[in-house]
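See below for run-v7.cif, which holds mmCIF, C-alpha atoms.
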```cif
data_input
#
loop_
_atom_site.label_atom_id
_atom_site.label_comp_id
_atom_site.auth_asym_id
_atom_site.auth_seq_id
_atom_site.Cartn_x
_atom_site.Cartn_y
_atom_site.Cartn_z
CA MET T 1 43.54 130.53 118.06
CA ARG T 2 42.90 133.34 115.55
CA ILE T 3 46.08 134.97 114.21
CA LEU T 4 45.92 138.12 112.07
CA HIS T 5 49.11 138.82 110.08
CA PHE T 6 50.05 142.14 108.48
CA SER T 7 52.59 142.12 105.65
CA SER T 8 53.16 144.52 102.76
CA ASP T 9 53.21 141.57 100.33
CA ASP T 10 52.28 137.91 100.49
CA ILE T 11 54.66 136.10 98.12
CA THR T 12 56.78 138.81 96.46
CA GLY T 13 60.20 139.20 98.08
CA GLY T 14 62.04 137.28 100.76
CA ALA T 15 60.34 138.91 103.76
CA ALA T 16 56.90 138.33 102.25
CA LYS T 17 57.63 134.69 101.50
CA ALA T 18 58.81 134.19 105.07
CA ALA T 19 55.61 135.73 106.43
CA TYR T 20 53.44 133.65 104.12
CA ARG T 21 55.28 130.44 105.02
CA LEU T 22 54.61 131.12 108.70
CA HIS T 23 50.96 131.84 107.94
CA VAL T 24 50.64 128.49 106.13
CA ALA T 25 52.51 126.59 108.85
CA LEU T 26 50.20 127.96 111.54
CA ARG T 27 47.12 126.93 109.57
CA GLU T 28 48.53 123.43 109.14
CA VAL T 29 48.73 122.95 112.92
CA GLY T 30 45.13 124.11 113.39
CA HIS T 31 45.23 127.87 113.96
CA ASP T 32 42.78 130.19 112.21
CA SER T 33 45.51 132.25 110.56
CA GLN T 34 44.52 135.14 108.28
CA MET T 35 46.74 137.57 106.39
CA ILE T 36 46.21 141.20 105.34
CA VAL T 37 48.54 142.61 102.70
CA LEU T 38 49.00 145.77 100.67
CA ARG T 39 49.72 143.88 97.44
CA LYS T 40 48.26 140.40 96.93
CA LYS T 41 49.79 138.12 94.29
CA SER T 42 48.69 134.69 95.53
CA ASP T 43 45.30 133.05 94.97
CA ASP T 44 45.02 132.11 98.66
CA ASP T 45 41.56 132.90 100.04
CA THR T 46 43.02 133.36 103.54
CA VAL T 47 45.01 136.35 102.27
CA THR T 48 43.11 139.64 101.96
CA GLN T 49 44.26 142.76 100.17
CA ALA T 50 43.74 145.84 102.32
CA PRO T 51 40.97 148.11 100.98
CA PRO T 52 42.37 151.29 99.40
CA CYS T 53 41.25 154.70 100.56
CA GLU T 54 40.02 157.46 98.31
CA THR T 55 42.83 159.94 97.70
CA SER T 56 41.53 163.46 98.07
CA LEU T 57 41.82 165.99 95.26
CA TRP T 58 44.07 168.21 97.34
CA ALA T 59 46.32 165.27 98.28
CA SER T 60 46.76 164.41 94.61
CA ARG T 61 47.55 168.02 93.73
CA TRP T 62 50.04 168.35 96.59
CA LYS T 63 51.83 165.19 95.45
CA ARG T 64 52.21 166.63 91.94
CA LEU T 65 53.41 169.98 93.32
CA ARG T 66 56.06 168.30 95.45
CA GLN T 67 57.44 166.63 92.33
CA ILE T 68 57.60 169.71 90.12
CA ILE T 69 58.41 172.67 92.42
CA PRO T 70 62.18 172.73 93.16
CA LEU T 71 61.90 174.60 96.48
CA VAL T 72 59.36 172.10 97.82
CA ARG T 73 61.27 169.14 96.42
CA LYS T 74 64.46 170.21 98.23
CA GLN T 75 62.66 169.99 101.60
CA ILE T 76 61.71 166.35 101.07
CA PRO T 77 64.43 163.92 102.19
CA THR T 78 65.44 161.00 100.04
CA ALA T 79 67.33 157.92 101.14
CA ASN T 80 70.27 156.11 99.61
CA TYR T 81 68.85 152.73 100.63
CA THR T 82 65.48 151.18 101.44
CA PHE T 83 63.87 153.45 104.05
CA ASN T 84 60.50 153.64 105.77
CA PHE T 85 59.39 157.28 105.89
CA ASP T 86 56.29 156.28 107.90
CA LEU T 87 53.97 157.97 105.42
CA GLN T 88 50.25 157.61 105.98
CA PRO T 89 49.27 154.40 104.16
CA GLN T 90 46.74 154.71 101.36
CA VAL T 91 44.55 152.12 103.08
CA ASN T 92 40.96 152.46 104.26
CA PHE T 93 41.79 151.58 107.83
CA SER T 94 38.24 151.92 109.16
CA ALA T 95 36.98 149.45 106.55
CA LEU T 96 39.87 147.12 107.34
CA LEU T 97 39.00 147.03 111.05
CA ALA T 98 35.28 146.73 110.38
CA GLY T 99 35.94 143.68 108.18
CA GLN T 100 37.26 141.68 111.15
CA ASN T 101 34.02 140.13 112.36
CA ILE T 102 35.91 137.73 114.63
CA PRO T 103 38.47 139.55 116.79
CA PRO T 104 42.01 138.11 116.64
CA ASP T 105 43.79 136.58 119.60
CA ILE T 106 47.19 137.64 118.25
CA LEU T 107 48.31 140.41 115.87
CA CYS T 108 51.45 139.42 113.96
CA LEU T 109 53.43 142.14 112.17
CA HIS T 110 56.03 141.42 109.50
CA TRP T 111 57.51 143.76 106.85
CA ILE T 112 54.83 146.48 106.90
CA THR T 113 56.35 149.46 105.05
CA GLY T 114 53.51 151.13 103.14
CA LEU T 115 50.81 149.06 104.85
CA LEU T 116 50.96 150.27 108.46
CA ASP T 117 52.49 153.40 109.93
CA VAL T 118 53.24 153.95 113.63
CA ARG T 119 49.80 155.46 114.26
CA ALA T 120 48.10 152.47 112.64
CA ILE T 121 50.01 150.04 114.85
CA ARG T 122 48.86 151.97 117.90
CA GLN T 123 45.31 152.01 116.55
CA LEU T 124 45.40 148.24 116.06
CA HIS T 125 46.48 147.77 119.67
CA ASP T 126 43.84 150.11 121.04
CA HIS T 127 41.12 148.52 118.90
CA PHE T 128 41.77 144.83 119.49
CA ARG T 129 43.55 144.89 122.87
CA CYS T 130 45.36 141.64 122.11
CA PRO T 131 49.08 140.76 122.16
CA ILE T 132 51.23 141.98 119.27
CA VAL T 133 54.07 139.87 117.89
CA TRP T 134 56.50 141.68 115.59
CA VAL T 135 58.63 139.34 113.47
CA MET T 136 61.85 141.17 112.65
CA ALA T 137 62.46 140.86 108.93
CA ASP T 138 65.22 143.48 109.39
CA GLN T 139 65.99 146.41 111.74
CA GLU T 140 63.20 148.80 110.72
CA SER T 141 61.02 148.11 113.76
CA MET T 142 63.71 149.53 116.09
CA THR T 143 65.15 152.39 114.01
CA GLY T 144 64.14 155.82 112.78
CA GLY T 145 63.30 154.35 109.38
CA CYS T 146 66.30 152.48 108.00
CA HIS T 147 65.82 148.80 107.33
CA TYR T 148 69.55 148.16 107.83
CA SER T 149 71.84 150.47 109.77
CA PHE T 150 75.10 149.45 108.03
CA GLY T 151 77.14 149.91 111.19
CA CYS T 152 75.45 153.12 112.36
CA ASP T 153 74.52 152.89 116.04
CA GLY T 154 72.06 155.80 116.04
CA PHE T 155 69.21 153.42 116.83
CA ALA T 156 70.95 152.65 120.14
CA ARG T 157 70.42 156.31 121.10
CA SER T 158 67.70 158.37 119.41
CA CYS T 159 68.70 158.42 115.74
CA GLY T 160 69.28 161.76 113.99
CA HIS T 161 72.22 162.64 111.72
CA CYS T 162 71.11 159.69 109.61
CA PRO T 163 73.79 158.73 107.05
CA GLN T 164 71.14 157.34 104.71
CA LEU T 165 69.15 160.58 104.34
CA SER T 166 69.79 163.42 101.92
CA LEU T 167 68.61 165.90 104.57
CA SER T 168 70.60 164.76 107.61
CA HIS T 169 70.82 166.70 110.88
CA ALA T 170 70.14 166.29 114.60
CA GLN T 171 66.36 166.62 114.23
CA ASP T 172 66.05 164.97 110.83
CA HIS T 173 63.35 162.58 109.69
CA SER T 174 65.00 159.60 111.42
CA GLN T 175 64.96 161.40 114.78
CA ALA T 176 61.33 162.46 114.30
CA LEU T 177 60.27 158.89 113.52
CA TRP T 178 62.28 157.51 116.45
CA GLN T 179 60.47 159.99 118.71
CA ARG T 180 57.08 159.03 117.25
CA LYS T 181 57.76 155.35 117.93
CA LYS T 182 58.80 156.17 121.50
CA GLU T 183 55.63 158.20 122.15
CA MET T 184 53.16 155.82 120.52
CA LEU T 185 54.66 152.33 120.91
CA ALA T 186 56.95 152.29 123.94
CA ASP T 187 54.09 151.29 126.28
CA VAL T 188 52.56 148.76 123.87
CA PRO T 189 53.33 145.19 125.02
CA ILE T 190 54.99 144.09 121.80
CA CYS T 191 56.82 140.77 121.78
CA PHE T 192 59.53 140.66 119.15
CA VAL T 193 60.52 137.47 117.35
CA ALA T 194 64.01 137.29 115.89
CA PRO T 195 64.34 134.66 113.13
CA THR T 196 68.12 134.64 113.74
CA SER T 197 70.43 135.51 116.61
CA TRP T 198 71.51 138.57 114.58
CA GLY T 199 68.07 140.11 115.10
CA ARG T 200 68.09 139.37 118.82
CA GLU T 201 71.50 141.02 119.19
CA LYS T 202 70.30 144.13 117.32
CA LEU T 203 67.17 144.41 119.48
CA ALA T 204 69.33 144.20 122.61
CA GLN T 205 71.05 147.40 121.42
CA SER T 206 67.78 149.21 120.65
CA SER T 207 67.04 152.31 122.71
CA LEU T 208 63.33 151.85 121.96
CA PHE T 209 62.66 148.20 122.66
CA ARG T 210 65.66 146.60 124.37
CA HIS T 211 63.53 145.85 127.44
CA HIS T 212 60.73 144.17 125.48
CA ARG T 213 60.39 140.42 125.32
CA CYS T 214 62.25 138.82 122.44
CA GLU T 215 62.08 135.19 121.31
CA LEU T 216 64.40 133.46 118.85
CA ILE T 217 62.27 131.39 116.46
CA PRO T 218 63.54 130.54 112.93
CA TYR T 219 61.45 130.90 109.81
CA PRO T 220 59.63 127.77 108.61
CA ILE T 221 60.83 126.27 105.33
CA ASP T 222 58.79 123.80 103.31
CA SER T 223 60.54 120.48 103.93
CA LEU T 224 58.66 118.77 101.09
CA THR T 225 60.14 121.18 98.54
CA PHE T 226 63.51 121.97 100.08
CA ARG T 227 64.95 118.49 100.64
CA PRO T 228 67.80 116.33 99.36
CA TYR T 229 67.15 115.12 95.84
CA ASP T 230 68.88 113.16 93.10
CA GLN T 231 71.65 115.53 91.99
CA PRO T 232 72.04 114.20 88.42
CA ILE T 233 68.29 114.62 87.81
CA ALA T 234 68.35 118.17 89.21
CA ARG T 235 71.26 119.02 86.93
CA ASP T 236 69.58 117.45 83.94
CA LEU T 237 66.42 119.50 84.52
CA LEU T 238 68.45 122.73 84.71
CA HIS T 239 70.72 121.73 81.79
CA LEU T 240 73.86 121.78 83.91
CA PRO T 241 77.06 119.74 83.44
CA GLN T 242 77.20 116.43 85.27
CA ASP T 243 81.00 116.24 85.52
CA LYS T 244 81.72 119.56 87.28
CA THR T 245 81.81 120.77 90.86
CA ILE T 246 78.98 123.31 90.90
CA ILE T 247 79.06 126.34 93.18
CA PHE T 248 75.72 128.16 93.47
CA PHE T 249 75.12 131.69 94.69
CA GLY T 250 72.41 134.29 94.24
CA ALA T 251 70.21 137.01 95.67
CA THR T 252 66.97 138.72 94.69
CA TYR T 253 69.03 141.75 93.65
CA LEU T 254 72.63 140.84 92.89
CA GLU T 255 73.63 144.52 92.92
CA ASP T 256 72.30 145.05 96.47
CA ARG T 257 75.27 146.24 98.52
CA ARG T 258 74.20 144.11 101.47
CA LYS T 259 74.67 140.94 99.44
CA GLY T 260 78.44 141.30 99.11
CA MET T 261 78.92 140.30 95.46
CA PRO T 262 82.18 142.32 95.08
CA LEU T 263 83.61 140.36 98.01
CA LEU T 264 82.49 137.10 96.41
CA LEU T 265 84.17 138.10 93.15
CA GLU T 266 87.42 138.69 95.07
CA ALA T 267 87.02 135.33 96.83
CA LEU T 268 86.43 133.44 93.58
CA THR T 269 89.45 135.11 91.97
CA GLU T 270 91.55 134.06 94.98
CA THR T 271 90.08 130.56 94.76
CA ARG T 272 91.12 130.17 91.13
CA ALA T 273 94.65 131.42 91.88
CA ARG T 274 95.13 128.86 94.66
CA LEU T 275 93.19 125.96 93.17
CA LYS T 276 95.26 122.79 92.95
CA THR T 277 93.09 121.18 90.28
CA SER T 278 92.01 122.46 86.89
CA PRO T 279 89.70 125.53 86.98
CA ASP T 280 87.71 123.80 84.25
CA ASP T 281 86.43 121.40 86.91
CA VAL T 282 84.52 124.23 88.65
CA PHE T 283 81.22 125.58 87.32
CA LEU T 284 79.27 128.54 88.75
CA LEU T 285 75.49 128.74 88.92
CA VAL T 286 74.12 132.27 89.42
CA ALA T 287 70.55 133.37 90.22
CA GLY T 288 69.02 136.82 90.73
CA LEU T 289 68.21 140.04 88.91
CA ASN T 290 70.75 141.83 86.69
CA GLY T 291 73.35 139.07 86.67
CA ASN T 292 74.76 139.49 83.17
CA GLN T 293 77.36 142.10 84.14
CA LEU T 294 78.47 139.97 87.09
CA MET T 295 78.81 136.89 84.88
CA ALA T 296 81.30 138.68 82.63
CA LYS T 297 83.62 139.25 85.62
CA LEU T 298 83.57 135.72 87.06
CA PRO T 299 86.85 133.76 86.94
CA PHE T 300 85.15 130.41 86.23
CA ALA T 301 82.74 129.19 83.59
CA GLY T 302 79.12 129.26 84.63
CA LYS T 303 75.45 129.75 83.87
CA TYR T 304 73.12 132.59 84.76
CA ILE T 305 69.56 131.39 85.33
CA GLY T 306 67.91 134.74 86.15
CA GLN T 307 65.51 135.30 89.01
CA LEU T 308 63.92 132.14 90.38
CA ASN T 309 60.38 133.13 91.33
CA ASP T 310 59.08 129.74 92.49
CA ASP T 311 60.33 127.47 95.25
CA LEU T 312 60.57 124.37 93.04
CA SER T 313 63.06 126.00 90.67
CA LEU T 314 65.05 127.39 93.59
CA ALA T 315 65.14 123.98 95.27
CA LEU T 316 66.41 122.39 92.05
CA ALA T 317 69.25 124.92 91.95
CA TYR T 318 70.30 124.02 95.50
CA GLN T 319 69.93 120.30 94.80
CA SER T 320 72.09 120.51 91.67
CA ALA T 321 74.94 122.29 93.48
CA ASP T 322 77.80 120.87 95.50
CA LEU T 323 78.23 124.08 97.47
CA PHE T 324 76.24 127.25 98.16
CA VAL T 325 78.18 130.46 98.88
CA CYS T 326 76.52 133.37 100.67
CA PRO T 327 78.60 136.58 100.75
CA SER T 328 75.97 138.71 102.55
CA VAL T 329 77.48 141.26 104.95
CA GLU T 330 74.29 142.78 106.39
CA ASP T 331 71.30 140.48 106.62
CA ALA T 332 68.60 139.44 109.06
CA GLY T 333 68.61 136.04 107.32
CA PRO T 334 69.18 135.24 104.61
CA MET T 335 66.71 132.43 104.00
CA MET T 336 68.90 131.05 101.24
CA ILE T 337 71.26 129.58 103.86
CA PRO T 338 68.72 127.27 105.57
CA GLU T 339 67.01 126.56 102.22
CA ALA T 340 70.30 125.32 100.77
CA MET T 341 71.08 123.27 103.85
CA MET T 342 67.57 121.76 103.88
CA CYS T 343 68.43 120.49 100.40
CA GLY T 344 71.62 118.93 101.77
CA THR T 345 73.91 121.54 100.23
CA PRO T 346 76.81 122.75 102.44
CA VAL T 347 77.20 126.53 102.83
CA VAL T 348 80.16 128.89 103.00
CA ALA T 349 79.17 132.28 104.43
CA PHE T 350 80.39 135.24 106.43
CA HIS T 351 79.88 135.23 110.19
CA THR T 352 76.69 137.33 110.19
CA GLY T 353 72.90 137.00 110.00
CA GLY T 354 71.65 133.49 110.54
CA ALA T 355 74.86 131.81 109.36
CA PRO T 356 76.31 131.27 112.88
CA ASP T 357 73.02 129.67 113.98
CA LEU T 358 73.42 126.80 111.51
CA ILE T 359 76.92 126.54 110.06
CA GLN T 360 79.62 124.56 111.85
CA THR T 361 82.98 124.96 110.16
CA GLY T 362 84.38 121.66 108.99
CA LYS T 363 81.10 119.81 109.55
CA ASN T 364 78.39 121.27 107.32
CA GLY T 365 80.10 124.31 105.82
CA TYR T 366 82.44 127.15 106.69
CA LEU T 367 81.99 130.41 108.63
CA ALA T 368 84.34 133.04 107.22
CA ARG T 369 85.51 136.13 109.06
CA MET T 370 83.19 139.05 108.48
CA ALA T 371 83.73 140.74 105.09
CA ASP T 372 87.08 138.92 104.64
CA SER T 373 87.16 137.76 101.02
CA ILE T 374 90.39 135.80 101.57
CA ASP T 375 88.79 133.78 104.35
CA LEU T 376 85.71 133.26 102.18
CA ALA T 377 88.07 131.78 99.59
CA ASN T 378 89.59 129.61 102.34
CA GLY T 379 86.14 128.16 102.95
CA ILE T 380 85.49 127.48 99.27
CA LEU T 381 88.90 125.84 98.85
CA ALA T 382 88.45 123.77 102.00
CA PHE T 383 85.31 122.29 100.52
CA LEU T 384 86.77 121.78 97.03
CA GLU T 385 89.72 119.92 98.54
CA ALA T 386 87.68 117.86 101.05
CA ASP T 387 86.90 114.21 100.46
CA ASN T 388 83.89 113.94 102.77
CA GLY T 389 81.27 115.81 100.73
CA SER T 390 78.54 113.29 101.52
CA THR T 391 79.04 113.81 105.26
CA PHE T 392 78.85 117.57 104.76
CA ARG T 393 75.58 117.17 102.90
CA ARG T 394 74.02 114.88 105.49
CA LEU T 395 74.92 117.14 108.42
CA ALA T 396 73.77 120.27 106.58
CA HIS T 397 70.34 118.73 106.03
CA SER T 398 70.10 117.44 109.59
CA VAL T 399 70.86 120.77 111.29
CA ALA T 400 68.61 122.87 109.05
CA SER T 401 65.69 120.43 109.25
CA SER T 402 65.70 120.33 113.02
CA ASN T 403 65.53 124.14 113.19
CA HIS T 404 63.31 125.10 110.24
CA SER T 405 60.71 122.37 109.76
CA PRO T 406 57.25 124.00 109.53
CA ASN T 407 55.75 121.83 112.25
CA GLU T 408 58.57 122.58 114.70
CA VAL T 409 58.39 126.33 114.03
CA ALA T 410 54.59 126.44 114.24
CA THR T 411 54.71 124.55 117.54
CA ARG T 412 57.15 127.08 118.99
CA TYR T 413 54.93 129.97 117.86
CA SER T 414 51.90 128.24 119.38
CA THR T 415 53.70 128.03 122.72
CA LEU T 416 54.57 131.72 122.48
CA PHE T 417 51.01 132.74 121.59
CA HIS T 418 49.54 130.82 124.53
CA SER T 419 52.13 132.34 126.86
CA LEU T 420 51.27 135.88 125.68
CA ASN T 421 47.56 135.30 126.18
CA GLN T 422 48.16 133.98 129.69
CA ASP T 423 50.23 137.09 130.47
CA LYS T 424 47.36 139.25 129.17
CA GLN T 425 44.87 137.53 131.48
CA HIS T 426 47.08 138.18 134.48
#
```
Exercise: express the given structure as C-alpha cells:
Amino acid sequence: MRILHFSSDDITGGAAKAAYRLHVALREVGHDSQMIVLRKKSDDDTVTQAPPCETSLWASRWKRLRQIIPLVRKQIPTANYTFNFDLQPQVNFSALLAGQNIPPDILCLHWITGLLDVRAIRQLHDHFRCPIVWVMADQESMTGGCHYSFGCDGFARSCGHCPQLSLSHAQDHSQALWQRKKEMLADVPICFVAPTSWGREKLAQSSLFRHHRCELIPYPIDSLTFRPYDQPIARDLLHLPQDKTIIFFGATYLEDRRKGMPLLLEALTETRARLKTSPDDVFLLVAGLNGNQLMAKLPFAGKYIGQLNDDLSLALAYQSADLFVCPSVEDAGPMMIPEAMMCGTPVVAFHTGGAPDLIQTGKNGYLARMADSIDLANGILAFLEADNGSTFRRLAHSVASSNHSPNEVATRYSTLFHSLNQDKQH
C-alpha cells in the first residue's frame, strides 16, 4: 500500500521525529511509505522537500510594509504561544501534486503548520480521492489555530475570544479559522489517530470533528535503540557518578510553560526537605535548551548535558538514570515517557497526556495528581525509598514495549488503512 505523509519537518522536533518513526516502521513492514516535508534535514531518499513557490514582487513588498507601518502592524494578530494562522504556504502545490506519479492509497497528515493550510488539505482530498488519516500531534487539527488550548474550551463551540491572540474578540482569527475548517473539512472523511488517550478525549470534545472516526494507536519507538542497557557503562559514557541515585528530566525547551519545570523545582525542593537519606546521594541529570538558569535553582547536585539531538545519546541518558520525572501539564505525549520506559527506567509524571496509558503507580512508576507538586514529590520519594527498583525497571520496559514496538504499531496502522480502503469501496 502506498502511504503519503505530510509533515512540516522530518527529524527536527518531537512531532517530526514521531512522524518519521512511523514512516520508517511502515516501510519496514512492506508499505511504500513516502514523506513530504517543508524542511528536510535527513538524508533519507524517501523524504522529499516540498518545492517552493516563487514569491511575487507585490507579496514581498506587502510583507515589508506590514512590518514597518504601525497602523498595518496593529491589525495583524500575534499569539502568546505556538499558533497556526493558516497562512498560505510558500509551496508550489501544483508541482507537488504533479510529482506524484503513483497515486497514494492513504494520505497521512502530521504536524503541518506552514506546509499545508486548510485549502490545501481540501485540495489534496479532491485530487487524490483517498482516505485521509490525521495523526494528532497536539490539538491544532480541531481548534481555531492553537496547538494547545490550556484549559480553554472554545474549540468545543466555535472558538473566538481566543486568550492566546493579541487581537481577541468574537469574530477574531481563531473564529475565522474554525469556520474555514467547518466549511472546507467537515464533510471530508478524515480518520483521526490519537497517539494517547489524551488526544482521543480532546477530539471527543471537538465541535468540528467529534463525530469522525478516531483510533488510539501509540507512536512507534525504536526498540533497538531504546532498550535496557548496562547502567554503569551508560554512566561511564556520559561521565556520570556511579554511586548516586540519578534522576533524569528534560524537554526540548525547558522554559516551555507546558513542560512544568517550575512545578518540578517545587517538587524537588519538597523532596530534599523530606528525604530520609543524605541529599548527596541524589544526582540530577538535565537535558534540553537553556538549562543553565534552571540548574542554578536545583536543590541537588547535577549535570546539564544540553539538547540531545540524536536518539543514541538520549537513550544513554535514560539508561544511566534510576528514575525519569516528567512534569508536563499540557501534552499530547510526551514521547519521553515511553522512551524512558522502553529503556527500563521507571517514570513519575502528572496524570495527563500519555502517562495514564502506561504508568501504574507502585508497579512501574507513579501518577501524580495533575499540577500538584507535592504529589509529584510523593512519587519521587516513593521511588527513592523503595527497595524493588529492579522490578520497577522490568515492568516499565514490559509495558512500554508491548505498546510502542515499531512492528506492533505498524501492524495496527496497516489494519486501519485496509479498513479505510474497504469503507471507501463501499
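Excluding Leu87 of chain T itself and same-chain residues fewer than 6 positions from it, the residues having an atom within 12 Å of it are Ile112, Thr113, Gly114, Leu115, Leu116, Asp117, Val118, Arg119, Ala120, Gly145, His173 and Leu177 of chain T, counting all atoms listed in the file.
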On this structure, the PyMOL selection byres ((chain T and resi 44-51) around 9) would catch which residues? List them as an NGL selection string, sorted by chain and number. :T and (10 or 33-43 or 52-53 or 90-93 or 95-96 or 115)
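Applied to the file shown here, the PyMOL selection byres ((chain T and resi 2) around 6) selects Met1, Ile3, Asp32, Ser33, Pro104 and Asp105 of chain T.
If you measure from each of T:Gly288, T:Arg412, T:Lys276, T:Lys303 to Ala382 of chain T using all atoms listed in the file, the closest one turns out to be T:Lys276.
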Proximity of segment 321-426 of chain T to segment 255-275 of chain T: per-residue shortest pair, 10 Å limit, only C-alpha atoms, as a Markdown table:
```
| residue | atom | partner | partner_atom | distance |
| --- | --- | --- | --- | --- |
| T:Val325 | CA | T:Leu264 | CA | 8.3 |
| T:Cys326 | CA | T:Lys259 | CA | 7.9 |
| T:Pro327 | CA | T:Gly260 | CA | 5.0 |
| T:Ser328 | CA | T:Lys259 | CA | 4.0 |
| T:Val329 | CA | T:Arg258 | CA | 5.6 |
| T:Glu330 | CA | T:Arg258 | CA | 5.1 |
| T:Asp331 | CA | T:Arg258 | CA | 6.9 |
| T:Pro334 | CA | T:Lys259 | CA | 9.5 |
| T:Ala349 | CA | T:Leu264 | CA | 9.9 |
| T:Phe350 | CA | T:Gly260 | CA | 9.7 |
| T:Ala371 | CA | T:Leu263 | CA | 7.1 |
| T:Asp372 | CA | T:Leu263 | CA | 7.6 |
| T:Ser373 | CA | T:Ala267 | CA | 4.8 |
| T:Ile374 | CA | T:Ala267 | CA | 5.8 |
| T:Asp375 | CA | T:Ala267 | CA | 7.9 |
| T:Leu376 | CA | T:Ala267 | CA | 5.9 |
| T:Ala377 | CA | T:Ala267 | CA | 4.6 |
| T:Asn378 | CA | T:Thr271 | CA | 7.7 |
| T:Gly379 | CA | T:Thr271 | CA | 9.4 |
| T:Ile380 | CA | T:Thr271 | CA | 7.1 |
| T:Leu381 | CA | T:Thr271 | CA | 6.4 |
| T:Leu384 | CA | T:Leu275 | CA | 8.6 |
| T:Glu385 | CA | T:Leu275 | CA | 8.8 |
```
Using only C-alpha atoms, determine which residues lie at most 7 Å from Tyr219 of chain T, disregarding the query and same-chain residues fewer than 5 positions distant; provide the list as a ChimeraX atom specification. /T:18,22,195,404,409
Could you write out that same residue set with C-alpha atoms as a PDB file, keeping the file's coordinate frame?
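Result went into out28.pdb, see below:
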```
ATOM      1  CA  ALA T  18      58.810 134.190 105.070  1.00  0.00           C
ATOM      2  CA  LEU T  22      54.610 131.120 108.700  1.00  0.00           C
ATOM      3  CA  PRO T 195      64.340 134.660 113.130  1.00  0.00           C
ATOM      4  CA  HIS T 404      63.310 125.100 110.240  1.00  0.00           C
ATOM      5  CA  VAL T 409      58.390 126.330 114.030  1.00  0.00           C
TER       6      VAL T 409
END
```
Once the PyMOL selection byres ((chain T and resi 234-243) around 10) has been evaluated on this model, what residues remain selected, and can you format them as a list in words?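 That selection, the PyMOL selection byres ((chain T and resi 234-243) around 10), comes back as Tyr229, Asp230, Gln231, Pro232, Ile233, Lys244, Thr245, Ile246, Asp281, Val282, Phe283, Leu284, Leu285, Gly302, Lys303, Ile305, Ser313, Ala315, Leu316, Ala317, Tyr318, Gln319, Ser320 and Ala321 of chain T.
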